$ cat input.pdb   # PDB, C-alpha atoms, pLDDT in the B column
ATOM      1  CA  MET A 127     -20.745  10.764 -12.181  1.00 52.00           C
ATOM      2  CA  GLU A 128     -24.543  10.943 -12.164  1.00 48.00           C
ATOM      3  CA  GLN A 129     -26.096   8.921 -14.967  1.00 52.00           C
ATOM      4  CA  GLY A 130     -29.075  10.256 -16.853  1.00 47.00           C
ATOM      5  CA  ALA A 131     -31.921   8.030 -17.989  1.00 47.00           C
ATOM      6  CA  HIS A 132     -30.484   7.549 -21.488  1.00 56.00           C
ATOM      7  CA  GLN A 133     -26.784   8.121 -20.843  1.00 83.00           C
ATOM      8  CA  ARG A 134     -24.563   5.147 -21.587  1.00 92.00           C
ATOM      9  CA  ILE A 135     -21.655   4.346 -19.287  1.00 96.00           C
ATOM     10  CA  ARG A 136     -18.255   4.202 -20.951  1.00 97.00           C
ATOM     11  CA  VAL A 137     -16.116   1.349 -19.596  1.00 97.00           C
ATOM     12  CA  LEU A 138     -12.400   0.693 -20.003  1.00 97.00           C
ATOM     13  CA  ILE A 139     -11.306  -2.852 -19.133  1.00 97.00           C
ATOM     14  CA  VAL A 140      -7.779  -3.528 -17.820  1.00 97.00           C
ATOM     15  CA  GLU A 141      -7.084  -7.266 -17.745  1.00 95.00           C
ATOM     16  CA  ASP A 142      -3.999  -9.188 -18.840  1.00 94.00           C
ATOM     17  CA  HIS A 143      -5.674 -12.588 -19.241  1.00 94.00           C
ATOM     18  CA  PRO A 144      -6.911 -12.657 -22.873  1.00 94.00           C
ATOM     19  CA  VAL A 145      -9.841 -15.012 -22.281  1.00 95.00           C
ATOM     20  CA  MET A 146     -11.044 -13.047 -19.242  1.00 94.00           C
ATOM     21  CA  ALA A 147     -10.626  -9.747 -21.066  1.00 95.00           C
ATOM     22  CA  HIS A 148     -12.551 -10.982 -24.102  1.00 95.00           C
ATOM     23  CA  GLY A 149     -15.315 -12.437 -21.950  1.00 95.00           C
ATOM     24  CA  LEU A 150     -15.756  -9.194 -20.048  1.00 95.00           C
ATOM     25  CA  ALA A 151     -15.761  -7.129 -23.243  1.00 96.00           C
ATOM     26  CA  VAL A 152     -18.424  -9.305 -24.872  1.00 96.00           C
ATOM     27  CA  THR A 153     -20.592  -9.633 -21.775  1.00 95.00           C
ATOM     28  CA  LEU A 154     -20.510  -5.962 -20.830  1.00 96.00           C
ATOM     29  CA  GLY A 155     -20.866  -4.889 -24.461  1.00 94.00           C
ATOM     30  CA  ASP A 156     -24.189  -6.726 -24.601  1.00 95.00           C
ATOM     31  CA  GLU A 157     -25.589  -4.539 -21.832  1.00 95.00           C
ATOM     32  CA  PRO A 158     -27.880  -1.824 -23.259  1.00 95.00           C
ATOM     33  CA  ASP A 159     -26.475   0.937 -21.073  1.00 96.00           C
ATOM     34  CA  LEU A 160     -22.748   0.044 -21.155  1.00 97.00           C
ATOM     35  CA  ASP A 161     -20.178   0.887 -23.842  1.00 96.00           C
ATOM     36  CA  VAL A 162     -16.809  -0.892 -23.722  1.00 97.00           C
ATOM     37  CA  VAL A 163     -14.517   1.833 -25.054  1.00 97.00           C
ATOM     38  CA  GLY A 164     -11.260  -0.082 -24.755  1.00 96.00           C
ATOM     39  CA  VAL A 165      -9.418  -3.114 -23.435  1.00 97.00           C
ATOM     40  CA  ALA A 166      -5.870  -2.786 -22.066  1.00 96.00           C
ATOM     41  CA  ARG A 167      -3.504  -5.583 -21.058  1.00 95.00           C
ATOM     42  CA  ASP A 168      -1.612  -3.602 -18.405  1.00 95.00           C
ATOM     43  CA  GLY A 169      -1.473  -0.291 -16.544  1.00 93.00           C
ATOM     44  CA  ALA A 170       0.818   1.455 -19.013  1.00 94.00           C
ATOM     45  CA  GLN A 171      -1.403   0.665 -21.988  1.00 95.00           C
ATOM     46  CA  ALA A 172      -4.486   1.699 -20.018  1.00 95.00           C
ATOM     47  CA  GLU A 173      -2.906   5.023 -19.009  1.00 93.00           C
ATOM     48  CA  GLU A 174      -2.143   5.722 -22.671  1.00 93.00           C
ATOM     49  CA  LEU A 175      -5.614   4.701 -23.810  1.00 95.00           C
ATOM     50  CA  ALA A 176      -7.725   6.339 -21.089  1.00 94.00           C
ATOM     51  CA  PRO A 177      -7.392  10.009 -22.182  1.00 94.00           C
ATOM     52  CA  ARG A 178      -8.589   9.088 -25.684  1.00 94.00           C
ATOM     53  CA  ALA A 179     -11.252   6.604 -24.599  1.00 95.00           C
ATOM     54  CA  ARG A 180     -12.684   8.957 -21.927  1.00 95.00           C
ATOM     55  CA  PRO A 181     -14.145   6.179 -19.747  1.00 96.00           C
ATOM     56  CA  ASP A 182     -16.601   6.829 -16.951  1.00 96.00           C
ATOM     57  CA  VAL A 183     -15.506   3.648 -15.175  1.00 97.00           C
ATOM     58  CA  VAL A 184     -12.234   1.731 -15.367  1.00 97.00           C
ATOM     59  CA  LEU A 185     -12.700  -1.942 -14.503  1.00 97.00           C
ATOM     60  CA  THR A 186      -9.267  -3.289 -13.597  1.00 96.00           C
ATOM     61  CA  ASP A 187      -7.676  -6.372 -12.127  1.00 95.00           C
ATOM     62  CA  PHE A 188      -5.652  -5.744  -8.967  1.00 93.00           C
ATOM     63  CA  HIS A 189      -2.640  -7.736 -10.172  1.00 92.00           C
ATOM     64  CA  LEU A 190      -1.306  -6.292 -13.428  1.00 94.00           C
ATOM     65  CA  PRO A 191       1.857  -7.329 -15.303  1.00 94.00           C
ATOM     66  CA  ASP A 192       3.497  -3.948 -14.686  1.00 93.00           C
ATOM     67  CA  GLY A 193       2.317  -3.209 -11.156  1.00 90.00           C
ATOM     68  CA  SER A 194      -0.649  -3.294  -8.835  1.00 91.00           C
ATOM     69  CA  GLY A 195      -4.125  -2.043  -9.544  1.00 89.00           C
ATOM     70  CA  ALA A 196      -3.667   0.389  -6.655  1.00 91.00           C
ATOM     71  CA  GLU A 197      -0.651   1.974  -8.365  1.00 92.00           C
ATOM     72  CA  PHE A 198      -2.585   2.187 -11.612  1.00 93.00           C
ATOM     73  CA  ALA A 199      -5.618   3.690  -9.848  1.00 93.00           C
ATOM     74  CA  ARG A 200      -3.480   6.492  -8.431  1.00 92.00           C
ATOM     75  CA  ALA A 201      -1.868   7.164 -11.794  1.00 92.00           C
ATOM     76  CA  VAL A 202      -5.059   7.255 -13.845  1.00 92.00           C
ATOM     77  CA  ARG A 203      -6.909   9.379 -11.281  1.00 89.00           C
ATOM     78  CA  ARG A 204      -4.101  11.933 -11.286  1.00 90.00           C
ATOM     79  CA  ARG A 205      -4.717  12.422 -15.011  1.00 90.00           C
ATOM     80  CA  LEU A 206      -8.486  11.843 -15.013  1.00 93.00           C
ATOM     81  CA  PRO A 207      -9.796  12.610 -11.499  1.00 91.00           C
ATOM     82  CA  GLN A 208     -13.428  12.212 -12.582  1.00 92.00           C
ATOM     83  CA  VAL A 209     -12.949   8.551 -13.544  1.00 94.00           C
ATOM     84  CA  ARG A 210     -14.284   5.871 -11.197  1.00 94.00           C
ATOM     85  CA  VAL A 211     -11.920   2.932 -10.713  1.00 95.00           C
ATOM     86  CA  LEU A 212     -13.495  -0.418  -9.871  1.00 95.00           C
ATOM     87  CA  MET A 213     -11.267  -3.392  -8.990  1.00 94.00           C
ATOM     88  CA  LEU A 214     -12.178  -6.896 -10.150  1.00 93.00           C
ATOM     89  CA  SER A 215      -9.803  -9.437  -8.642  1.00 91.00           C
ATOM     90  CA  ALA A 216      -9.477 -13.067  -7.595  1.00 90.00           C
ATOM     91  CA  ASP A 217      -7.643 -11.850  -4.488  1.00 85.00           C
ATOM     92  CA  ASN A 218      -9.970 -11.276  -1.535  1.00 79.00           C
ATOM     93  CA  ASP A 219      -7.177 -10.360   0.883  1.00 79.00           C
ATOM     94  CA  GLU A 220      -8.191  -7.540   3.217  1.00 76.00           C
ATOM     95  CA  GLU A 221      -4.875  -5.746   2.739  1.00 78.00           C
ATOM     96  CA  ARG A 222      -5.405  -5.631  -1.033  1.00 84.00           C
ATOM     97  CA  VAL A 223      -8.883  -4.190  -0.473  1.00 83.00           C
ATOM     98  CA  ALA A 224      -7.412  -1.574   1.870  1.00 80.00           C
ATOM     99  CA  GLU A 225      -4.730  -0.686  -0.715  1.00 84.00           C
ATOM    100  CA  ALA A 226      -7.361  -0.257  -3.416  1.00 87.00           C
ATOM    101  CA  VAL A 227      -9.524   2.007  -1.261  1.00 83.00           C
ATOM    102  CA  ALA A 228      -6.507   4.070  -0.177  1.00 82.00           C
ATOM    103  CA  ALA A 229      -5.590   4.530  -3.864  1.00 88.00           C
ATOM    104  CA  GLY A 230      -8.993   6.010  -4.628  1.00 88.00           C
ATOM    105  CA  ALA A 231     -10.867   3.022  -6.051  1.00 90.00           C
ATOM    106  CA  VAL A 232     -14.615   3.255  -5.482  1.00 89.00           C
ATOM    107  CA  GLY A 233     -15.045  -0.490  -5.244  1.00 89.00           C
ATOM    108  CA  TYR A 234     -13.497  -3.930  -5.096  1.00 91.00           C
ATOM    109  CA  MET A 235     -15.281  -6.947  -6.546  1.00 92.00           C
ATOM    110  CA  ILE A 236     -14.278 -10.615  -6.614  1.00 90.00           C
ATOM    111  CA  LYS A 237     -14.015 -12.529  -9.899  1.00 91.00           C
ATOM    112  CA  THR A 238     -16.470 -15.121  -8.646  1.00 91.00           C
ATOM    113  CA  GLU A 239     -19.137 -12.428  -9.101  1.00 90.00           C
ATOM    114  CA  SER A 240     -21.700 -13.126 -11.812  1.00 93.00           C
ATOM    115  CA  ALA A 241     -21.679 -11.235 -15.096  1.00 92.00           C
ATOM    116  CA  GLU A 242     -24.882  -9.494 -14.018  1.00 94.00           C
ATOM    117  CA  GLY A 243     -23.236  -8.565 -10.735  1.00 94.00           C
ATOM    118  CA  VAL A 244     -20.213  -7.033 -12.467  1.00 95.00           C
ATOM    119  CA  ALA A 245     -22.441  -5.016 -14.795  1.00 96.00           C
ATOM    120  CA  ASP A 246     -24.497  -3.804 -11.844  1.00 95.00           C
ATOM    121  CA  GLY A 247     -21.292  -2.953  -9.984  1.00 94.00           C
ATOM    122  CA  ILE A 248     -20.184  -0.766 -12.892  1.00 96.00           C
ATOM    123  CA  ARG A 249     -23.515   1.058 -12.834  1.00 96.00           C
ATOM    124  CA  ARG A 250     -23.269   1.622  -9.103  1.00 92.00           C
ATOM    125  CA  ALA A 251     -19.641   2.780  -9.384  1.00 93.00           C
ATOM    126  CA  ALA A 252     -20.624   5.260 -12.108  1.00 93.00           C
ATOM    127  CA  ALA A 253     -23.332   6.575  -9.785  1.00 91.00           C
ATOM    128  CA  GLY A 254     -20.746   7.195  -7.070  1.00 85.00           C
ATOM    129  CA  GLU A 255     -21.559   4.261  -4.809  1.00 86.00           C
ATOM    130  CA  ILE A 256     -18.865   2.403  -2.839  1.00 81.00           C
ATOM    131  CA  LEU A 257     -18.745  -1.357  -3.430  1.00 83.00           C
ATOM    132  CA  LEU A 258     -16.881  -3.805  -1.202  1.00 78.00           C
ATOM    133  CA  PRO A 259     -17.048  -7.583  -0.730  1.00 68.00           C
ATOM    134  CA  ALA A 260     -19.336  -8.852   2.011  1.00 59.00           C
ATOM    135  CA  GLY A 261     -17.769  -8.198   5.409  1.00 56.00           C
ATOM    136  CA  ALA A 262     -14.894  -6.240   3.883  1.00 55.00           C
ATOM    137  CA  LEU A 263     -15.897  -2.922   5.429  1.00 54.00           C
ATOM    138  CA  ALA A 264     -15.509  -4.253   8.968  1.00 50.00           C
ATOM    139  CA  ARG A 265     -12.183  -5.882   8.064  1.00 58.00           C
ATOM    140  CA  LEU A 266     -11.035  -2.683   6.361  1.00 58.00           C
ATOM    141  CA  ILE A 267     -11.781  -0.670   9.479  1.00 52.00           C
ATOM    142  CA  GLY A 268      -9.800  -3.242  11.463  1.00 58.00           C
ATOM    143  CA  VAL A 269      -6.807  -2.954   9.123  1.00 58.00           C
ATOM    144  CA  GLN A 270      -6.882   0.830   9.301  1.00 56.00           C
ATOM    145  CA  ARG A 271      -7.114   0.719  13.091  1.00 62.00           C
ATOM    146  CA  ARG A 272      -4.145  -1.651  13.343  1.00 63.00           C
ATOM    147  CA  THR A 273      -2.161   0.521  10.940  1.00 64.00           C
ATOM    148  CA  ALA A 274      -2.949   3.614  12.970  1.00 63.00           C
ATOM    149  CA  ASP A 275      -2.029   1.819  16.205  1.00 66.00           C
ATOM    150  CA  ALA A 276       1.292   0.646  14.734  1.00 69.00           C
ATOM    151  CA  ARG A 277       2.063   4.165  13.499  1.00 74.00           C
ATOM    152  CA  ALA A 278       1.272   5.617  16.915  1.00 78.00           C
ATOM    153  CA  GLU A 279       3.454   3.008  18.655  1.00 78.00           C
ATOM    154  CA  ARG A 280       6.332   3.748  16.271  1.00 80.00           C
ATOM    155  CA  GLN A 281       6.096   7.455  17.002  1.00 83.00           C
ATOM    156  CA  ARG A 282       5.849   6.824  20.748  1.00 83.00           C
ATOM    157  CA  VAL A 283       8.976   4.655  20.839  1.00 84.00           C
ATOM    158  CA  LEU A 284      10.890   6.887  18.441  1.00 83.00           C
ATOM    159  CA  ALA A 285      10.173   9.913  20.618  1.00 86.00           C
ATOM    160  CA  THR A 286      11.787   8.199  23.634  1.00 88.00           C
ATOM    161  CA  LEU A 287      15.082   7.458  21.877  1.00 89.00           C
ATOM    162  CA  THR A 288      17.905   9.953  22.005  1.00 90.00           C
ATOM    163  CA  PRO A 289      20.036  10.549  18.894  1.00 90.00           C
ATOM    164  CA  ARG A 290      22.891   8.550  20.470  1.00 90.00           C
ATOM    165  CA  GLN A 291      20.587   5.632  21.288  1.00 90.00           C
ATOM    166  CA  ARG A 292      19.350   5.645  17.692  1.00 89.00           C
ATOM    167  CA  GLU A 293      22.958   5.501  16.495  1.00 90.00           C
ATOM    168  CA  VAL A 294      23.681   2.550  18.783  1.00 92.00           C
ATOM    169  CA  LEU A 295      20.531   0.798  17.535  1.00 90.00           C
ATOM    170  CA  ARG A 296      21.594   1.329  13.933  1.00 89.00           C
ATOM    171  CA  LEU A 297      25.040  -0.143  14.614  1.00 92.00           C
ATOM    172  CA  ILE A 298      23.609  -3.099  16.534  1.00 91.00           C
ATOM    173  CA  ALA A 299      21.382  -3.804  13.530  1.00 89.00           C
ATOM    174  CA  ARG A 300      24.520  -3.838  11.376  1.00 87.00           C
ATOM    175  CA  GLY A 301      25.954  -6.562  13.598  1.00 87.00           C
ATOM    176  CA  ALA A 302      28.489  -4.467  15.526  1.00 88.00           C
ATOM    177  CA  ASP A 303      29.396  -5.582  19.048  1.00 89.00           C
ATOM    178  CA  SER A 304      29.925  -3.238  22.011  1.00 90.00           C
ATOM    179  CA  ARG A 305      33.653  -2.844  21.338  1.00 91.00           C
ATOM    180  CA  LYS A 306      33.103  -1.997  17.683  1.00 92.00           C
ATOM    181  CA  ILE A 307      30.320   0.461  18.545  1.00 93.00           C
ATOM    182  CA  ALA A 308      32.594   2.123  21.117  1.00 93.00           C
ATOM    183  CA  GLU A 309      35.282   2.554  18.448  1.00 93.00           C
ATOM    184  CA  GLU A 310      32.814   3.982  15.949  1.00 91.00           C
ATOM    185  CA  LEU A 311      31.354   6.470  18.404  1.00 92.00           C
ATOM    186  CA  GLY A 312      34.557   7.293  20.229  1.00 93.00           C
ATOM    187  CA  VAL A 313      33.187   6.379  23.656  1.00 93.00           C
ATOM    188  CA  ALA A 314      33.943   3.793  26.330  1.00 94.00           C
ATOM    189  CA  VAL A 315      32.631   0.246  26.064  1.00 92.00           C
ATOM    190  CA  ASN A 316      30.792   0.652  29.377  1.00 93.00           C
ATOM    191  CA  THR A 317      29.066   3.724  27.953  1.00 93.00           C
ATOM    192  CA  VAL A 318      27.860   1.676  24.981  1.00 92.00           C
ATOM    193  CA  ARG A 319      26.585  -1.004  27.354  1.00 92.00           C
ATOM    194  CA  GLY A 320      24.631   1.675  29.166  1.00 93.00           C
ATOM    195  CA  TYR A 321      23.074   2.907  25.915  1.00 92.00           C
ATOM    196  CA  THR A 322      22.236  -0.674  24.981  1.00 93.00           C
ATOM    197  CA  GLN A 323      20.500  -1.360  28.283  1.00 92.00           C
ATOM    198  CA  GLU A 324      18.441   1.802  27.886  1.00 91.00           C
ATOM    199  CA  LEU A 325      17.461   0.654  24.385  1.00 89.00           C
ATOM    200  CA  LEU A 326      16.314  -2.724  25.674  1.00 90.00           C
ATOM    201  CA  GLU A 327      14.167  -1.047  28.317  1.00 90.00           C
ATOM    202  CA  LYS A 328      12.600   1.423  25.908  1.00 89.00           C
ATOM    203  CA  LEU A 329      11.865  -1.276  23.328  1.00 88.00           C
ATOM    204  CA  GLU A 330      10.595  -3.572  26.109  1.00 87.00           C
ATOM    205  CA  VAL A 331      12.823  -6.491  25.084  1.00 86.00           C
ATOM    206  CA  HIS A 332      15.550  -8.563  26.753  1.00 85.00           C
ATOM    207  CA  SER A 333      18.290  -8.982  24.140  1.00 84.00           C
ATOM    208  CA  LYS A 334      19.984  -7.207  21.269  1.00 86.00           C
ATOM    209  CA  LEU A 335      18.429  -9.667  18.811  1.00 84.00           C
ATOM    210  CA  GLU A 336      14.965  -8.935  20.154  1.00 84.00           C
ATOM    211  CA  ALA A 337      15.746  -5.209  19.993  1.00 86.00           C
ATOM    212  CA  VAL A 338      16.597  -5.420  16.293  1.00 88.00           C
ATOM    213  CA  ALA A 339      13.497  -7.519  15.582  1.00 85.00           C
ATOM    214  CA  ARG A 340      11.270  -5.114  17.507  1.00 82.00           C
ATOM    215  CA  ALA A 341      12.823  -2.083  15.817  1.00 85.00           C
ATOM    216  CA  GLY A 342      12.233  -3.730  12.443  1.00 83.00           C
ATOM    217  CA  GLU A 343       8.570  -4.363  13.269  1.00 79.00           C
ATOM    218  CA  LEU A 344       8.139  -0.711  14.186  1.00 81.00           C
ATOM    219  CA  GLY A 345       9.975   0.540  11.099  1.00 80.00           C
ATOM    220  CA  LEU A 346      12.737   2.139  13.163  1.00 81.00           C
ATOM    221  CA  LEU A 347      15.652   0.888  11.077  1.00 78.00           C
ATOM    222  CA  GLY A 348      15.148   3.111   8.023  1.00 62.00           C
ATOM    223  CA  ASP A 349      17.582   5.944   7.350  1.00 48.00           C
ATOM    224  CA  ASP A 350      14.933   8.528   8.209  1.00 41.00           C
ATOM    225  CA  ALA A 351      14.048   6.886  11.541  1.00 43.00           C
ATOM    226  CA  VAL A 352      17.450   5.863  12.866  1.00 41.00           C
ATOM    227  CA  ALA A 353      19.565   8.796  11.763  1.00 39.00           C
ATOM    228  CA  PRO A 354      23.228   9.244  12.712  1.00 41.00           C
ATOM    229  CA  ALA A 355      23.774  11.163  15.921  1.00 39.00           C
ATOM    230  CA  GLY A 356      25.804  13.772  14.072  1.00 41.00           C
ATOM    231  CA  ARG A 357      29.015  13.398  16.081  1.00 40.00           C
ATOM    232  CA  GLY A 358      31.908  10.978  16.287  1.00 40.00           C
ATOM    233  CA  PRO A 359      33.487   8.892  13.510  1.00 39.00           C
ATOM    234  CA  ARG A 360      31.131   7.775  10.792  1.00 40.00           C
ATOM    235  CA  PRO A 361      30.498   4.024  10.350  1.00 38.00           C
ATOM    236  CA  ARG A 362      32.785   2.415   7.788  1.00 38.00           C
ATOM    237  CA  PRO A 363      31.172   0.788   4.714  1.00 35.00           C
TER     238      PRO A 363
END
$ encode --input "input.pdb" --output "structure tokens"
Amino acid sequence: MEQGAHQRIRVLIVEDHPVMAHGLAVTLGDEPDLDVVGVARDGAQAEELAPRARPDVVLTDFHLPDGSGAEFARAVRRRLPQVRVLMLSADNDEERVAEAVAAGAVGYMIKTESAEGVADGIRRAAAGEILLPAGALARLIGVQRRTADARAERQRVLATLTPRQREVLRLIARGADSRKIAEELGVAVNTVRGYTQELLEKLEVHSKLEAVARAGELGLLGDDAVAPAGRGPRPRP
């Protein structure tokens, strides 16, 4: 939103700590170009209030009683896509910053920021600027790169596994031994041992325990990743 010379910025505050919420409302309300149009204690109340309050900027904590600020940011922007969401949190963790940005927040500020800094951040958010803590952009790029690398590695490993190997992996993760797996799949024990050895090689590990740990790291143990092979007796509950 581009602000005109005399246009006041409408601000909705989402903060569950009463003292913090009151302090923000009073401080920001004293600014000549800011209007505090509402204070909500959680995401649900803010979602109900926002359509009526018509804020330009929503200033929200990341940790809310009924969910994360990222979840709230997605929800409010689905209903009011023109609203700028600015996080104000005590949590400076790079993963939280990445979550906020991925949810569509235009900025993430730390609660150690001065009152003047918060007010200026709201103005900059309303003008469409992106605000991040010092050094956060480089860390954010690093997080995104690691996430992309992990996703690529998952897809690479998953592509090498046959449906039968995925079934064996799923049963190993359930704690089944080679004999039990052979019974479940209707194959010989030596055949299961062959599948298991192939799994170890493809996962680049040396034991079944390491295989399960590695598969868990790569997200290969979900129902969508390690699907049944489609043949043979189904695993018993």
$ residues_around --input "input.pdb" --residues "region 189-201 of chain A" --least-positions-apart "6" --cutoff "7 Å" --atoms "only C-alpha atoms" --output "JSON, numbers by chain"
{"A": [142, 168, 169, 211, 225, 226, 229, 230, 231]}
$ resolve_selection --input "input.pdb" --expression "the PyMOL selection byres ((chain A and resi 254) around 10)" --output "ChimeraX atom specification"
/A:127-129,210,232-233,248-253,255-257
$ atom_distance --input "input.pdb" --atom1 "CA of Leu258 (chain A)" --atom2 "CA of Val223 (chain A)"
8.0 Å
$ closest_residue --input "input.pdb" --among "A:Arg300, A:Arg204, A:His143, A:Arg136" --to "Leu335 (chain A)" --atoms "all atoms listed in the file"
A:Arg300
$ residues_around --input "input.pdb" --residues "Asn316 (chain A)" --least-positions-apart "5" --cutoff "12 Å" --atoms "all atoms listed in the file" --output "VMD selection string"
chain A and resid 304 to 305 307 to 309 321 to 323
$ atom_distance --input "input.pdb" --atom1 "CA of Ala241 (chain A)" --atom2 "CA of Asp219 (chain A)"
21.6 Å
$ resolve_selection --input "input.pdb" --expression "the PyMOL selection byres ((chain A and resi 283) around 10)" --output "PyMOL selection string"
chain A and resi 278-282+284-287+328-330+341+344+346
$ write_last_selection --input "input.pdb" --atoms "C-alpha atoms" --output "PDB file, keeping the file's coordinate frame"
ATOM      1  CA  ALA A 278       1.272   5.617  16.915  1.00 78.00           C
ATOM      2  CA  GLU A 279       3.454   3.008  18.655  1.00 78.00           C
ATOM      3  CA  ARG A 280       6.332   3.748  16.271  1.00 80.00           C
ATOM      4  CA  GLN A 281       6.096   7.455  17.002  1.00 83.00           C
ATOM      5  CA  ARG A 282       5.849   6.824  20.748  1.00 83.00           C
ATOM      6  CA  LEU A 284      10.890   6.887  18.441  1.00 83.00           C
ATOM      7  CA  ALA A 285      10.173   9.913  20.618  1.00 86.00           C
ATOM      8  CA  THR A 286      11.787   8.199  23.634  1.00 88.00           C
ATOM      9  CA  LEU A 287      15.082   7.458  21.877  1.00 89.00           C
ATOM     10  CA  LYS A 328      12.600   1.423  25.908  1.00 89.00           C
ATOM     11  CA  LEU A 329      11.865  -1.276  23.328  1.00 88.00           C
ATOM     12  CA  GLU A 330      10.595  -3.572  26.109  1.00 87.00           C
ATOM     13  CA  ALA A 341      12.823  -2.083  15.817  1.00 85.00           C
ATOM     14  CA  LEU A 344       8.139  -0.711  14.186  1.00 81.00           C
ATOM     15  CA  LEU A 346      12.737   2.139  13.163  1.00 81.00           C
TER      16      LEU A 346
END
$ closest_residue --input "input.pdb" --among "A:Ala314, A:Leu347, A:Val244, A:Leu185" --to "Leu295 (chain A)" --atoms "only C-alpha atoms"
A:Leu347
$ atom_distance --input "input.pdb" --atom1 "CA of Arg167 (chain A)" --atom2 "CA of Gln133 (chain A)"
27.0 Å
$ build_atoms --input "input.pdb" --residues "region 225-231 of chain A" --atoms "all heavy atoms" --output "short mmCIF file (atom, residue, chain, number, x, y, z; two decimals), in the frame of the given file"
data_model
loop_
_atom_site.label_atom_id
_atom_site.label_comp_id
_atom_site.auth_asym_id
_atom_site.auth_seq_id
_atom_site.Cartn_x
_atom_site.Cartn_y
_atom_site.Cartn_z
N GLU A 225 -5.59 -1.40 0.23
CA GLU A 225 -4.73 -0.69 -0.72
C GLU A 225 -5.55 -0.04 -1.82
O GLU A 225 -5.29 1.11 -2.22
CB GLU A 225 -3.72 -1.64 -1.33
CG GLU A 225 -2.60 -2.08 -0.42
CD GLU A 225 -1.65 -3.03 -1.12
OE1 GLU A 225 -1.26 -2.75 -2.28
OE2 GLU A 225 -1.31 -4.08 -0.54
N ALA A 226 -6.53 -0.78 -2.33
CA ALA A 226 -7.36 -0.26 -3.42
C ALA A 226 -8.14 0.97 -2.96
O ALA A 226 -8.20 1.98 -3.67
CB ALA A 226 -8.31 -1.35 -3.91
N VAL A 227 -8.74 0.88 -1.79
CA VAL A 227 -9.52 2.01 -1.26
C VAL A 227 -8.62 3.21 -1.02
O VAL A 227 -8.97 4.35 -1.36
CB VAL A 227 -10.25 1.59 0.03
CG1 VAL A 227 -10.91 2.81 0.68
CG2 VAL A 227 -11.30 0.52 -0.28
N ALA A 228 -7.44 2.97 -0.44
CA ALA A 228 -6.51 4.07 -0.18
C ALA A 228 -6.05 4.74 -1.47
O ALA A 228 -5.73 5.93 -1.48
CB ALA A 228 -5.30 3.56 0.61
N ALA A 229 -6.02 3.98 -2.57
CA ALA A 229 -5.59 4.53 -3.86
C ALA A 229 -6.70 5.29 -4.58
O ALA A 229 -6.46 5.88 -5.63
CB ALA A 229 -5.08 3.40 -4.75
N GLY A 230 -7.90 5.25 -4.03
CA GLY A 230 -8.99 6.01 -4.63
C GLY A 230 -9.99 5.19 -5.41
O GLY A 230 -10.89 5.76 -6.05
N ALA A 231 -9.87 3.85 -5.38
CA ALA A 231 -10.87 3.02 -6.05
C ALA A 231 -12.21 3.15 -5.33
O ALA A 231 -12.25 3.27 -4.10
CB ALA A 231 -10.42 1.56 -6.05
#
